[in-house]
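Pasting protein.pdb here (PDB, C-alpha atoms and all ligand atoms):
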ATOM      1  CA  MET A 370     112.699 234.053  53.572
ATOM      2  CA  HIS A 371     114.459 234.460  56.877
ATOM      3  CA  HIS A 372     113.814 231.934  59.581
ATOM      4  CA  ASN A 373     114.746 232.252  63.162
ATOM      5  CA  VAL A 374     114.520 229.489  65.714
ATOM      6  CA  SER A 375     114.200 230.250  69.351
ATOM      7  CA  ASN A 376     114.860 227.283  71.570
ATOM      8  CA  ASN A 377     114.752 226.864  75.299
ATOM      9  CA  TYR A 378     118.273 228.220  75.686
ATOM     10  CA  GLY A 379     116.951 231.571  74.572
ATOM     11  CA  ASN A 380     120.394 232.824  73.567
ATOM     12  CA  ASP A 381     120.557 235.543  71.042
ATOM     13  CA  LEU A 382     123.041 233.868  68.696
ATOM     14  CA  GLN A 383     122.932 233.083  65.003
ATOM     15  CA  THR A 384     120.853 230.009  64.282
ATOM     16  CA  CYS A 385     121.282 227.197  61.774
ATOM     17  CA  SER A 386     118.429 228.629  59.819
ATOM     18  CA  ASP A 387     120.158 231.979  59.592
ATOM     19  CA  VAL A 388     123.185 230.159  58.202
ATOM     20  CA  ARG A 389     121.039 228.233  55.706
ATOM     21  CA  HIS A 390     119.468 231.475  54.579
ATOM     22  CA  GLN A 391     122.825 233.172  54.066
ATOM     23  CA  GLN A 392     124.230 230.171  52.191
ATOM     24  CA  ASN A 393     121.034 229.705  50.161
ATOM     25  CA  MET A 394     120.638 226.233  51.636
ATOM     26  CA  PRO A 395     117.158 224.730  51.680
ATOM     27  CA  GLU A 396     115.507 223.825  54.946
ATOM     28  CA  THR A 397     115.646 220.078  55.406
ATOM     29  CA  PRO A 398     113.229 217.837  57.172
ATOM     30  CA  GLY A 399     114.864 216.488  60.298
ATOM     31  CA  SER A 400     116.339 219.803  61.312
ATOM     32  CA  PHE A 401     114.645 222.167  63.707
ATOM     33  CA  ALA A 402     111.174 221.382  62.382
ATOM     34  CA  ASP A 403     111.029 217.976  64.117
ATOM     35  CA  MET A 404     109.524 218.690  67.447
ATOM     36  CA  LYS A 405     107.690 216.634  70.001
ATOM     37  CA  GLU A 406     105.458 219.536  70.651
ATOM     38  CA  LEU A 407     105.199 222.868  68.901
ATOM     39  CA  ILE A 408     104.438 225.317  71.639
ATOM     40  CA  GLU A 409     104.302 228.446  69.558
ATOM     41  CA  ARG A 410     104.860 229.478  65.939
ATOM     42  CA  LYS A 411     104.955 233.182  65.485
ATOM     43  CA  MET A 412     105.590 235.219  62.347
ATOM     44  CA  ARG A 413     106.535 238.826  62.300
ATOM     45  CA  SER A 414     107.973 241.231  59.843
ATOM     46  CA  VAL A 415     111.454 242.463  60.659
ATOM     47  CA  GLU A 416     112.435 245.146  58.144
ATOM     48  CA  GLU A 417     112.419 243.372  54.769
ATOM     49  CA  PHE A 418     112.483 239.868  56.286
ATOM     50  CA  ILE A 419     109.764 237.651  57.599
ATOM     51  CA  GLU A 420     110.911 236.118  60.847
ATOM     52  CA  ILE A 421     109.402 232.859  62.035
ATOM     53  CA  ILE A 422     109.932 232.007  65.644
ATOM     54  CA  TYR A 423     109.408 228.425  66.752
ATOM     55  CA  LEU A 424     109.097 227.562  70.403
ATOM     56  CA  GLY A 425     108.953 223.830  70.863
ATOM     57  CA  LYS A 426     110.308 220.694  72.435
ATOM     58  CA  PRO A 427     112.804 219.296  69.934
ATOM     59  CA  ASP A 428     112.673 215.621  69.040
ATOM     60  CA  GLY A 429     116.413 215.035  68.644
ATOM     61  CA  PRO A 430     119.163 217.354  67.409
ATOM     62  CA  THR A 431     117.951 220.736  66.191
ATOM     63  CA  CYS A 432     121.201 221.868  64.608
ATOM     64  CA  HIS A 433     122.371 220.901  61.099
ATOM     65  CA  THR A 434     125.761 220.034  62.695
ATOM     66  CA  GLY A 435     124.025 217.233  64.624
ATOM     67  CA  MET A 436     124.347 219.068  67.922
ATOM     68  CA  GLU A 437     121.398 219.084  70.305
ATOM     69  CA  THR A 438     121.052 222.807  69.808
ATOM     70  CA  CYS A 439     122.558 225.535  67.642
ATOM     71  CA  TYR A 440     123.663 227.260  70.815
ATOM     72  CA  TYR A 441     126.530 224.940  71.646
ATOM     73  CA  THR A 442     128.981 227.811  71.751
ATOM     74  CA  SER A 443     129.185 228.845  75.364
ATOM     75  CA  LEU A 444     128.236 232.447  75.891
ATOM     76  CA  ASN A 445     131.471 232.706  77.871
ATOM     77  CA  ALA A 446     133.431 232.249  74.639
ATOM     78  CA  LEU A 447     132.025 235.551  73.435
ATOM     79  CA  LEU A 448     132.612 237.515  76.608
ATOM     80  CA  PRO A 449     135.718 239.326  77.826
ATOM     81  CA  ASP A 450     137.735 237.323  80.401
ATOM     82  CA  SER A 451     136.787 239.580  83.308
ATOM     83  CA  LYS A 452     133.088 239.002  82.626
ATOM     84  CA  VAL A 453     133.621 235.217  82.373
ATOM     85  CA  GLU A 454     135.374 235.194  85.761
ATOM     86  CA  GLN A 455     132.495 237.201  87.253
ATOM     87  CA  ASN A 456     129.925 234.746  85.820
ATOM     88  CA  LYS A 457     131.839 231.728  87.109
ATOM     89  CA  LEU A 458     132.138 233.245  90.570
ATOM     90  CA  ALA A 459     128.400 233.965  90.779
ATOM     91  CA  MET A 460     127.571 230.415  89.670
ATOM     92  CA  THR A 461     130.086 228.845  92.027
ATOM     93  CA  THR A 462     128.793 230.883  94.949
ATOM     94  CA  LEU A 463     125.156 229.939  94.418
ATOM     95  CA  TYR A 464     125.908 226.279  93.657
ATOM     96  CA  SER A 465     128.204 226.072  96.675
ATOM     97  CA  LEU A 466     125.527 227.547  98.966
ATOM     98  CA  GLU A 467     122.982 225.154  97.456
ATOM     99  CA  SER A 468     125.303 222.255  98.206
ATOM    100  CA  THR A 469     125.717 223.313 101.874
ATOM    101  CA  ILE A 470     121.933 223.587 102.244
ATOM    102  CA  THR A 471     121.442 220.156 100.668
ATOM    103  CA  GLN A 472     124.025 218.771 103.123
ATOM    104  CA  ARG A 473     122.074 220.295 106.028
ATOM    105  CA  LYS A 474     118.930 218.658 104.644
ATOM    106  CA  LEU A 475     120.631 215.269 104.855
ATOM    107  CA  GLU A 476     121.848 216.063 108.358
ATOM    108  CA  VAL A 477     118.351 216.941 109.597
ATOM    109  CA  ALA A 478     117.626 213.241 109.993
ATOM    110  CA  GLU A 479     120.782 212.671 112.054
ATOM    111  CA  THR A 480     120.305 213.121 115.780
ATOM    112  CA  GLU A 481     123.820 212.296 116.997
ATOM    113  CA  ASN A 482     126.411 215.088 117.315
ATOM    114  CA  GLU A 483     123.804 217.551 116.269
ATOM    115  CA  LYS A 484     125.445 220.889 115.534
ATOM    116  CA  PRO A 485     123.359 224.036 115.855
ATOM    117  CA  SER A 486     122.380 225.169 112.411
ATOM    118  CA  TRP A 487     120.121 227.995 111.271
ATOM    119  CA  THR A 488     119.541 226.200 107.984
ATOM    120  CA  LYS A 489     118.248 223.110 109.780
ATOM    121  CA  ARG A 490     115.875 225.220 111.844
ATOM    122  CA  LEU A 491     114.508 226.721 108.643
ATOM    123  CA  LEU A 492     114.280 223.334 106.941
ATOM    124  CA  LEU A 493     112.144 222.061 109.799
ATOM    125  CA  ASP A 494     109.829 225.021 110.124
ATOM    126  CA  ASN A 495     107.992 226.229 106.997
ATOM    127  CA  SER A 496     106.306 229.049 108.802
ATOM    128  CA  LEU A 497     109.624 230.406 110.190
ATOM    129  CA  LEU A 498     111.159 230.052 106.705
ATOM    130  CA  CYS A 499     108.347 231.936 104.957
ATOM    131  CA  SER A 500     108.294 234.679 107.567
ATOM    132  CA  LYS A 501     112.084 235.116 107.149
ATOM    133  CA  ILE A 502     111.805 235.321 103.345
ATOM    134  CA  ARG A 503     109.095 237.974 103.625
ATOM    135  CA  GLU A 504     111.045 239.856 106.282
ATOM    136  CA  GLU A 505     114.270 239.792 104.262
ATOM    137  CA  ALA A 506     112.480 240.908 101.070
ATOM    138  CA  ASP A 507     110.983 243.797 103.004
ATOM    139  CA  GLU A 508     114.400 244.724 104.411
ATOM    140  CA  LEU A 509     115.821 244.694 100.873
ATOM    141  CA  CYS A 510     113.073 247.093  99.714
ATOM    142  CA  ARG A 511     113.779 249.370 102.638
ATOM    143  CA  THR A 512     117.390 249.787 101.525
ATOM    144  CA  LEU A 513     115.950 251.480  98.422
ATOM    145  CA  GLU A 514     113.146 253.394 100.088
ATOM    146  CA  GLU A 515     115.404 254.669 102.847
ATOM    147  CA  ASN A 516     118.326 255.304 100.516
ATOM    148  CA  GLU A 517     120.729 252.992 102.367
ATOM    149  CA  ASP A 518     124.219 252.465 101.007
ATOM    150  CA  LYS A 519     125.127 249.782  98.458
ATOM    151  CA  SER A 520     126.592 247.441 101.058
ATOM    152  CA  GLY A 521     123.267 247.388 102.922
ATOM    153  CA  ALA A 522     121.437 246.390  99.733
ATOM    154  CA  ALA A 523     124.024 243.691  98.952
ATOM    155  CA  SER A 524     123.751 242.289 102.464
ATOM    156  CA  GLU A 525     119.939 242.186 102.423
ATOM    157  CA  MET A 526     119.962 240.585  98.961
ATOM    158  CA  ALA A 527     122.336 237.925 100.335
ATOM    159  CA  ASP A 528     119.776 237.221 103.077
ATOM    160  CA  VAL A 529     116.951 236.986 100.500
ATOM    161  CA  LEU A 530     118.962 234.643  98.280
ATOM    162  CA  TYR A 531     120.053 232.372 101.123
ATOM    163  CA  HIS A 532     116.563 232.045 102.637
ATOM    164  CA  ALA A 533     114.974 231.561  99.195
ATOM    165  CA  LEU A 534     117.504 228.804  98.428
ATOM    166  CA  VAL A 535     116.462 227.026 101.624
ATOM    167  CA  LEU A 536     112.839 227.160 100.440
ATOM    168  CA  LEU A 537     113.903 225.651  97.100
ATOM    169  CA  ALA A 538     115.643 222.836  99.001
ATOM    170  CA  VAL A 539     112.452 222.139 100.970
ATOM    171  CA  LYS A 540     110.554 221.990  97.667
ATOM    172  CA  ASP A 541     113.274 219.839  96.050
ATOM    173  CA  VAL A 542     113.824 222.432  93.347
ATOM    174  CA  LYS A 543     117.339 222.825  91.990
ATOM    175  CA  VAL A 544     118.855 226.238  91.449
ATOM    176  CA  GLU A 545     119.580 225.049  87.886
ATOM    177  CA  ASP A 546     115.800 224.703  87.362
ATOM    178  CA  VAL A 547     115.460 228.371  88.243
ATOM    179  CA  PHE A 548     118.260 229.328  85.857
ATOM    180  CA  GLN A 549     116.527 227.384  83.112
ATOM    181  CA  VAL A 550     113.317 229.337  83.637
ATOM    182  CA  LEU A 551     115.308 232.562  83.486
ATOM    183  CA  ARG A 552     117.027 231.446  80.255
ATOM    184  CA  GLN A 553     113.659 230.680  78.679
ATOM    185  CA  ARG A 554     112.688 234.265  79.340
ATOM    186  CA  PHE A 555     115.759 235.730  77.618
ATOM    187  CA  SER A 556     113.980 236.041  74.276
ATOM    188  CA  LYS A 557     110.833 237.701  75.588
ATOM    189  CA  SER A 558     110.253 241.031  77.245
ATOM    190  CA  GLY A 559     108.398 240.949  80.544
ATOM    191  CA  ILE A 560     105.681 243.224  79.138
ATOM    192  CA  GLU A 561     105.179 240.914  76.116
ATOM    193  CA  GLU A 562     105.024 237.849  78.359
ATOM    194  CA  LYS A 563     102.424 239.440  80.626
ATOM    195  CA  SER A 564     100.164 240.498  77.741
ATOM    196  CA  SER A 565     100.373 237.002  76.210
ATOM    197  CA  ARG A 566      99.085 235.638  79.550
ATOM    198  CA  LYS A 567      95.959 237.817  79.370
ATOM    199  CA  SER A 568      95.036 236.623  75.875
ATOM    200  CA  THR A 569      95.081 232.923  76.862
TER     201      THR A 569
HETATM  202  N1  LIG A 601     124.142 232.554 104.142
HETATM  203  C1  LIG A 601     123.732 232.195 105.240
HETATM  204  C2  LIG A 601     122.958 233.085 106.046
HETATM  205  N2  LIG A 601     122.507 234.338 105.865
HETATM  206  C3  LIG A 601     121.830 234.665 106.970
HETATM  207  N3  LIG A 601     121.841 233.659 107.847
HETATM  208  C4  LIG A 601     121.283 233.580 109.195
HETATM  209  O1  LIG A 601     119.935 233.943 109.146
HETATM  210  C5  LIG A 601     119.529 234.347 110.434
HETATM  211  C6  LIG A 601     118.622 235.524 110.318
HETATM  212  O2  LIG A 601     119.413 236.558 109.789
HETATM  213  P1  LIG A 601     119.125 238.075 110.125
HETATM  214  O3  LIG A 601     120.383 238.838 109.850
HETATM  215  O4  LIG A 601     117.906 238.509 109.403
HETATM  216  O5  LIG A 601     118.877 237.969 111.641
HETATM  217  P2  LIG A 601     117.836 238.725 112.438
HETATM  218  O6  LIG A 601     117.838 238.055 113.762
HETATM  219  O7  LIG A 601     116.540 238.756 111.683
HETATM  220  O8  LIG A 601     118.520 240.169 112.525
HETATM  221  P3  LIG A 601     118.062 241.567 111.867
HETATM  222  O9  LIG A 601     118.035 241.418 110.353
HETATM  223  O10 LIG A 601     116.715 241.869 112.396
HETATM  224  O11 LIG A 601     119.128 242.516 112.287
HETATM  225  C7  LIG A 601     120.808 234.643 111.250
HETATM  226  O12 LIG A 601     121.001 233.593 112.181
HETATM  227  C8  LIG A 601     121.869 234.607 110.170
HETATM  228  O13 LIG A 601     123.132 234.147 110.662
HETATM  229  C9  LIG A 601     122.524 232.642 107.306
HETATM  230  N4  LIG A 601     122.806 231.393 107.773
HETATM  231  C10 LIG A 601     123.538 230.561 107.009
HETATM  232  N5  LIG A 601     124.018 230.930 105.765
HETATM  233  C11 LIG A 601     124.815 229.979 104.958
HETATM  234  O14 LIG A 601     124.470 228.652 105.287
HETATM  235  C12 LIG A 601     125.620 227.951 105.749
HETATM  236  C13 LIG A 601     125.198 226.933 106.781
HETATM  237  O15 LIG A 601     124.735 227.593 107.931
HETATM  238  P4  LIG A 601     124.253 226.735 109.191
HETATM  239  O16 LIG A 601     123.057 225.987 108.761
HETATM  240  O17 LIG A 601     123.873 227.737 110.278
HETATM  241  O18 LIG A 601     125.376 225.866 109.588
HETATM  242  C14 LIG A 601     126.560 229.018 106.291
HETATM  243  O19 LIG A 601     127.880 228.594 106.306
HETATM  244  C15 LIG A 601     126.307 230.119 105.291
HETATM  245  O20 LIG A 601     127.045 229.876 104.108
END

As a first step, turn the structure in this file into structure tokens.
Ligand SMILES: N=c1c2ncn([C@@H]3O[C@H](COP(=O)(O)OP(=O)(O)OP(=O)(O)O)[C@@H](O)[C@H]3O)c2ncn1[C@@H]1O[C@H](COP(=O)(O)O)[C@@H](O)[C@H]1O
Amino acid sequence: MHHNVSNNYGNDLQTCSDVRHQQNMPETPGSFADMKELIERKMRSVEEFIEIIYLGKPDGPTCHTGMETCYYTSLNALLPDSKVEQNKLAMTTLYSLESTITQRKLEVAETENEKPSWTKRLLLDNSLLCSKIREEADELCRTLEENEDKSGAASEMADVLYHALVLLAVKDVKVEDVFQVLRQRFSKSGIEEKSSRKST
């Protein structure tokens, strides 16, 4: 029997259970099966194998190596160098912008030497912030509808990202929290996810 464990990292890498299967090792208690909460246990037939997918909150290490997760190999290790550099740059850019916005949030309380700042204006005015996010999203759509060039789309997306990051700062949500949600969705198609919502 083939087991597959999907954890909240959602990466599509070989799991401990795959290894156990290939090496004819038995499943042991205390491996992935120990979970605080089993969110979902799904079985499906994949060619001649039965695949069991567990979605849960692990209670301790889930990997037979003692690591928190089987997915301790960074995805970057499997990617060509150029792709790794691209990933790092994207992360650095977003985290750096998040850090500037957080700094502005701290500065909002300071009244001395107040420098003009668009971010501060947004942080202090939810209705301005929301109207800018809607406006920027609309402008992004128009780059498609009106067949604008790539640079226009990139520039409008930058506006959407920046304004959305300010909203996250107001809500005290970290960009990492958003990435985590995205990672959890790696293993599921959007169509599948939507139909599972209807059945609940
Ligand atoms: N990334 C941005 C960023 N993107 C857009 N904006 C501002 O958002 C405002 C609205 O942008 P728009 O281009 O939509 O302006 P608009 O008046 O609607 O013009 P149109 O689109 O209608 O032509 C402008 O004042 C822009 O300068 C930004 N303001 C700040 N940042 C980042 O935040 C940092 C801190 O900025 P301050 O808070 O101003 O110090 C900056 O160093 C940047 O890194």

Show me a table, sorted first by chain and then by increasing residue number, of the residues of chain A having an atom at most 8 Å from ligand LIG 601 (chain A), each with its shortest atom pair and the distance in Å to one decimal, counting only C-alpha atoms and all ligand atoms and written as JSON lines.
{"residue": "A:Leu466", "atom": "CA", "partner": "A:LIG601", "partner_atom": "O20", "distance": 5.8}
{"residue": "A:Thr469", "atom": "CA", "partner": "A:LIG601", "partner_atom": "C12", "distance": 6.0}
{"residue": "A:Ile470", "atom": "CA", "partner": "A:LIG601", "partner_atom": "O14", "distance": 6.4}
{"residue": "A:Arg473", "atom": "CA", "partner": "A:LIG601", "partner_atom": "O16", "distance": 6.4}
{"residue": "A:Lys484", "atom": "CA", "partner": "A:LIG601", "partner_atom": "O18", "distance": 7.8}
{"residue": "A:Pro485", "atom": "CA", "partner": "A:LIG601", "partner_atom": "O17", "distance": 6.7}
{"residue": "A:Ser486", "atom": "CA", "partner": "A:LIG601", "partner_atom": "O17", "distance": 3.7}
{"residue": "A:Trp487", "atom": "CA", "partner": "A:LIG601", "partner_atom": "O17", "distance": 3.9}
{"residue": "A:Thr488", "atom": "CA", "partner": "A:LIG601", "partner_atom": "O16", "distance": 3.6}
{"residue": "A:Lys489", "atom": "CA", "partner": "A:LIG601", "partner_atom": "O16", "distance": 5.7}
{"residue": "A:Arg490", "atom": "CA", "partner": "A:LIG601", "partner_atom": "O16", "distance": 7.9}
{"residue": "A:Lys501", "atom": "CA", "partner": "A:LIG601", "partner_atom": "O4", "distance": 7.1}
{"residue": "A:Glu504", "atom": "CA", "partner": "A:LIG601", "partner_atom": "O4", "distance": 7.7}
{"residue": "A:Glu505", "atom": "CA", "partner": "A:LIG601", "partner_atom": "O4", "distance": 6.4}
{"residue": "A:Glu508", "atom": "CA", "partner": "A:LIG601", "partner_atom": "O9", "distance": 7.7}
{"residue": "A:Ala527", "atom": "CA", "partner": "A:LIG601", "partner_atom": "N2", "distance": 6.6}
{"residue": "A:Asp528", "atom": "CA", "partner": "A:LIG601", "partner_atom": "N2", "distance": 4.9}
{"residue": "A:Tyr531", "atom": "CA", "partner": "A:LIG601", "partner_atom": "N1", "distance": 5.1}
{"residue": "A:His532", "atom": "CA", "partner": "A:LIG601", "partner_atom": "N2", "distance": 7.1}

- As a check of understanding: the span from CA of Cys432 (chain A) to CA of Ser556 (chain A) is 18.6 Å

- Work out how far apart CA of Thr461 (chain A) and CA of Leu448 (chain A) are and give it in Å to one decimal.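 Between CA of Thr461 (chain A) and CA of Leu448 (chain A) the gap is 17.9 Å.
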
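With CA of Glu467 (chain A) on one side and CA of Glu437 (chain A) on the other, the separation reads 27.9 Å.
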
- Surrounding residues of Lys540 (chain A) excluding itself and chain neighbours under 6 positions, 12 Å, all atoms listed in the file, as a list in words: Thr471, Lys474, Leu492, Asn495, Ala533, Leu534 and Asp546 of chain A

- Determine the nearest neighbour of Lys543 (chain A) from the options A:Leu424, A:Leu463, A:Met436, A:Val477, counting only C-alpha atoms.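 Selected residue with least distance to Lys543 (chain A): A:Leu463.
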